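Colleague: To start, I am sharing the structure in question, which I have written as structure tokens.
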Amino acid sequence: MSDDAATLQVRLTPNASRDGIESWRVDAAGQSHLAARVRAIPEKGKANAALIALLAKQLAIPKRDIDVIRGATSRLKTVRIAAEGPEQARLVAQLEAFADERKPD
């Protein structure tokens, strides 16, 4: 994170049956990422655009504040979310809550 943005790793599954954010997961290398699915196909940036729209909707922020800054053609992407101060803290709390919402009882 920086003063004006938060970054996160997202593992995106395109061609899914539904759009949604699954949960936080850890890969074999010990790196955490947010697992997400979109119905869009991975062609001409459609899946990336769908991911941006999904995150914007879930976080209640404008799409223009979200960018895929690394991994545009791979499943593992680095996403930058523009936010400052209290807004950044709110977004981080919301992102962390994705893990809490998906925990089994």
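Residues are named by chain letter and number: chains run A, B, ... in the order of the structure tokens, numbers start at 1 in each chain, and ligands are numbered from 1 in the order shown.
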Select from chain A everything DSSP, run on the backbone, classes as strand (DSSP E), then give the selection as a PyMOL selection string.
Modeller: chain A and resi 5-13+20-26+32-37+66-70+76-82
Colleague: Which parts of chain A does DSSP call alpha helix (DSSP H) when run on the backbone here, written out as a PDB file with N, CA and C atoms, in the first residue's frame?
Modeller:
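For reference, states_6.pdb as written:
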```pdb
ATOM      1  N   LYS A  46     -11.506  -8.438 -21.950  1.00  0.00           N
ATOM      2  CA  LYS A  46     -12.882  -8.543 -21.429  1.00  0.00           C
ATOM      3  C   LYS A  46     -12.916  -9.067 -20.002  1.00  0.00           C
ATOM      4  N   ALA A  47     -12.084 -10.060 -19.680  1.00  0.00           N
ATOM      5  CA  ALA A  47     -12.065 -10.603 -18.319  1.00  0.00           C
ATOM      6  C   ALA A  47     -11.517  -9.565 -17.336  1.00  0.00           C
ATOM      7  N   ASN A  48     -10.505  -8.816 -17.737  1.00  0.00           N
ATOM      8  CA  ASN A  48      -9.963  -7.764 -16.870  1.00  0.00           C
ATOM      9  C   ASN A  48     -11.008  -6.682 -16.609  1.00  0.00           C
ATOM     10  N   ALA A  49     -11.733  -6.298 -17.650  1.00  0.00           N
ATOM     11  CA  ALA A  49     -12.788  -5.291 -17.487  1.00  0.00           C
ATOM     12  C   ALA A  49     -13.885  -5.810 -16.561  1.00  0.00           C
ATOM     13  N   ALA A  50     -14.209  -7.087 -16.675  1.00  0.00           N
ATOM     14  CA  ALA A  50     -15.228  -7.675 -15.800  1.00  0.00           C
ATOM     15  C   ALA A  50     -14.737  -7.718 -14.358  1.00  0.00           C
ATOM     16  N   LEU A  51     -13.455  -8.004 -14.160  1.00  0.00           N
ATOM     17  CA  LEU A  51     -12.884  -7.993 -12.808  1.00  0.00           C
ATOM     18  C   LEU A  51     -12.963  -6.600 -12.210  1.00  0.00           C
ATOM     19  N   ILE A  52     -12.608  -5.598 -12.975  1.00  0.00           N
ATOM     20  CA  ILE A  52     -12.673  -4.215 -12.494  1.00  0.00           C
ATOM     21  C   ILE A  52     -14.103  -3.853 -12.123  1.00  0.00           C
ATOM     22  N   ALA A  53     -15.056  -4.220 -12.961  1.00  0.00           N
ATOM     23  CA  ALA A  53     -16.468  -3.930 -12.676  1.00  0.00           C
ATOM     24  C   ALA A  53     -16.927  -4.658 -11.413  1.00  0.00           C
ATOM     25  N   LEU A  54     -16.497  -5.906 -11.248  1.00  0.00           N
ATOM     26  CA  LEU A  54     -16.875  -6.688 -10.067  1.00  0.00           C
ATOM     27  C   LEU A  54     -16.316  -6.055  -8.793  1.00  0.00           C
ATOM     28  N   LEU A  55     -15.034  -5.712  -8.803  1.00  0.00           N
ATOM     29  CA  LEU A  55     -14.429  -5.088  -7.624  1.00  0.00           C
ATOM     30  C   LEU A  55     -15.071  -3.737  -7.327  1.00  0.00           C
ATOM     31  N   ALA A  56     -15.331  -2.953  -8.363  1.00  0.00           N
ATOM     32  CA  ALA A  56     -15.961  -1.641  -8.155  1.00  0.00           C
ATOM     33  C   ALA A  56     -17.331  -1.793  -7.502  1.00  0.00           C
ATOM     34  N   LYS A  57     -18.091  -2.759  -7.962  1.00  0.00           N
ATOM     35  CA  LYS A  57     -19.423  -2.988  -7.392  1.00  0.00           C
ATOM     36  C   LYS A  57     -19.323  -3.454  -5.943  1.00  0.00           C
ATOM     37  N   GLN A  58     -18.451  -4.425  -5.675  1.00  0.00           N
ATOM     38  CA  GLN A  58     -18.306  -4.967  -4.329  1.00  0.00           C
ATOM     39  C   GLN A  58     -17.782  -3.931  -3.335  1.00  0.00           C
ATOM     40  N   LEU A  59     -16.891  -3.056  -3.797  1.00  0.00           N
ATOM     41  CA  LEU A  59     -16.281  -2.064  -2.917  1.00  0.00           C
ATOM     42  C   LEU A  59     -16.997  -0.715  -2.947  1.00  0.00           C
ATOM     43  N   GLY A  85      -6.254   7.904   2.757  1.00  0.00           N
ATOM     44  CA  GLY A  85      -6.665   8.073   4.140  1.00  0.00           C
ATOM     45  C   GLY A  85      -7.755   7.127   4.598  1.00  0.00           C
ATOM     46  N   PRO A  86      -8.845   7.690   5.133  1.00  0.00           N
ATOM     47  CA  PRO A  86      -9.924   6.862   5.676  1.00  0.00           C
ATOM     48  C   PRO A  86     -10.568   5.967   4.619  1.00  0.00           C
ATOM     49  N   GLU A  87     -10.616   6.434   3.380  1.00  0.00           N
ATOM     50  CA  GLU A  87     -11.191   5.625   2.300  1.00  0.00           C
ATOM     51  C   GLU A  87     -10.341   4.378   2.078  1.00  0.00           C
ATOM     52  N   GLN A  88      -9.031   4.521   2.148  1.00  0.00           N
ATOM     53  CA  GLN A  88      -8.147   3.377   1.982  1.00  0.00           C
ATOM     54  C   GLN A  88      -8.355   2.373   3.115  1.00  0.00           C
ATOM     55  N   ALA A  89      -8.489   2.849   4.333  1.00  0.00           N
ATOM     56  CA  ALA A  89      -8.721   1.961   5.475  1.00  0.00           C
ATOM     57  C   ALA A  89     -10.045   1.214   5.316  1.00  0.00           C
ATOM     58  N   ARG A  90     -11.070   1.893   4.814  1.00  0.00           N
ATOM     59  CA  ARG A  90     -12.369   1.252   4.583  1.00  0.00           C
ATOM     60  C   ARG A  90     -12.252   0.149   3.536  1.00  0.00           C
ATOM     61  N   LEU A  91     -11.528   0.428   2.455  1.00  0.00           N
ATOM     62  CA  LEU A  91     -11.365  -0.561   1.397  1.00  0.00           C
ATOM     63  C   LEU A  91     -10.594  -1.781   1.887  1.00  0.00           C
ATOM     64  N   VAL A  92      -9.543  -1.549   2.654  1.00  0.00           N
ATOM     65  CA  VAL A  92      -8.759  -2.662   3.190  1.00  0.00           C
ATOM     66  C   VAL A  92      -9.632  -3.517   4.107  1.00  0.00           C
ATOM     67  N   ALA A  93     -10.440  -2.882   4.941  1.00  0.00           N
ATOM     68  CA  ALA A  93     -11.341  -3.627   5.824  1.00  0.00           C
ATOM     69  C   ALA A  93     -12.344  -4.446   5.016  1.00  0.00           C
ATOM     70  N   GLN A  94     -12.876  -3.884   3.949  1.00  0.00           N
ATOM     71  CA  GLN A  94     -13.816  -4.611   3.099  1.00  0.00           C
ATOM     72  C   GLN A  94     -13.146  -5.798   2.418  1.00  0.00           C
ATOM     73  N   LEU A  95     -11.941  -5.590   1.936  1.00  0.00           N
ATOM     74  CA  LEU A  95     -11.215  -6.676   1.281  1.00  0.00           C
ATOM     75  C   LEU A  95     -10.904  -7.797   2.268  1.00  0.00           C
ATOM     76  N   GLU A  96     -10.496  -7.443   3.465  1.00  0.00           N
ATOM     77  CA  GLU A  96     -10.230  -8.455   4.482  1.00  0.00           C
ATOM     78  C   GLU A  96     -11.499  -9.207   4.850  1.00  0.00           C
ATOM     79  N   ALA A  97     -12.630  -8.546   4.798  1.00  0.00           N
ATOM     80  CA  ALA A  97     -13.904  -9.174   5.151  1.00  0.00           C
ATOM     81  C   ALA A  97     -14.293 -10.275   4.170  1.00  0.00           C
ATOM     82  N   PHE A  98     -13.780 -10.245   2.944  1.00  0.00           N
ATOM     83  CA  PHE A  98     -14.100 -11.314   1.996  1.00  0.00           C
ATOM     84  C   PHE A  98     -13.688 -12.666   2.567  1.00  0.00           C
ATOM     85  N   ALA A  99     -12.589 -12.721   3.289  1.00  0.00           N
ATOM     86  CA  ALA A  99     -12.150 -13.983   3.893  1.00  0.00           C
ATOM     87  C   ALA A  99     -13.115 -14.394   5.003  1.00  0.00           C
ATOM     88  N   ASP A 100     -13.545 -13.443   5.825  1.00  0.00           N
ATOM     89  CA  ASP A 100     -14.436 -13.745   6.936  1.00  0.00           C
ATOM     90  C   ASP A 100     -15.789 -14.226   6.461  1.00  0.00           C
ATOM     91  N   GLU A 101     -16.296 -13.665   5.381  1.00  0.00           N
ATOM     92  CA  GLU A 101     -17.621 -14.031   4.871  1.00  0.00           C
ATOM     93  C   GLU A 101     -17.670 -15.444   4.328  1.00  0.00           C
ATOM     94  N   ARG A 102     -16.535 -15.968   3.874  1.00  0.00           N
ATOM     95  CA  ARG A 102     -16.512 -17.266   3.219  1.00  0.00           C
ATOM     96  C   ARG A 102     -16.076 -18.409   4.134  1.00  0.00           C
TER      97      ARG A 102
END
```
Colleague: Please provide the set of residues having any atom within 9 Å of A:Ser17, restricted to only C-alpha atoms, with same-chain residues fewer than 5 positions apart removed, written as a PyMOL selection string.
Modeller: chain A and resi 37-39
Colleague: Kindly indicate which residue among A:Glu43, A:Ala72, A:Ile81, A:Gln31 lies nearest to A:Ala60, using only C-alpha atoms for the distances.
Modeller: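 Checking each candidate against A:Ala60, we get A:Ile81 as the closest.
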Colleague: I need the residue nearest A:Ser23 from this list: A:Ala35, A:Thr7, A:Ala83, A:Arg70. Use only C-alpha atoms for the distance.
Modeller: A:Ala35
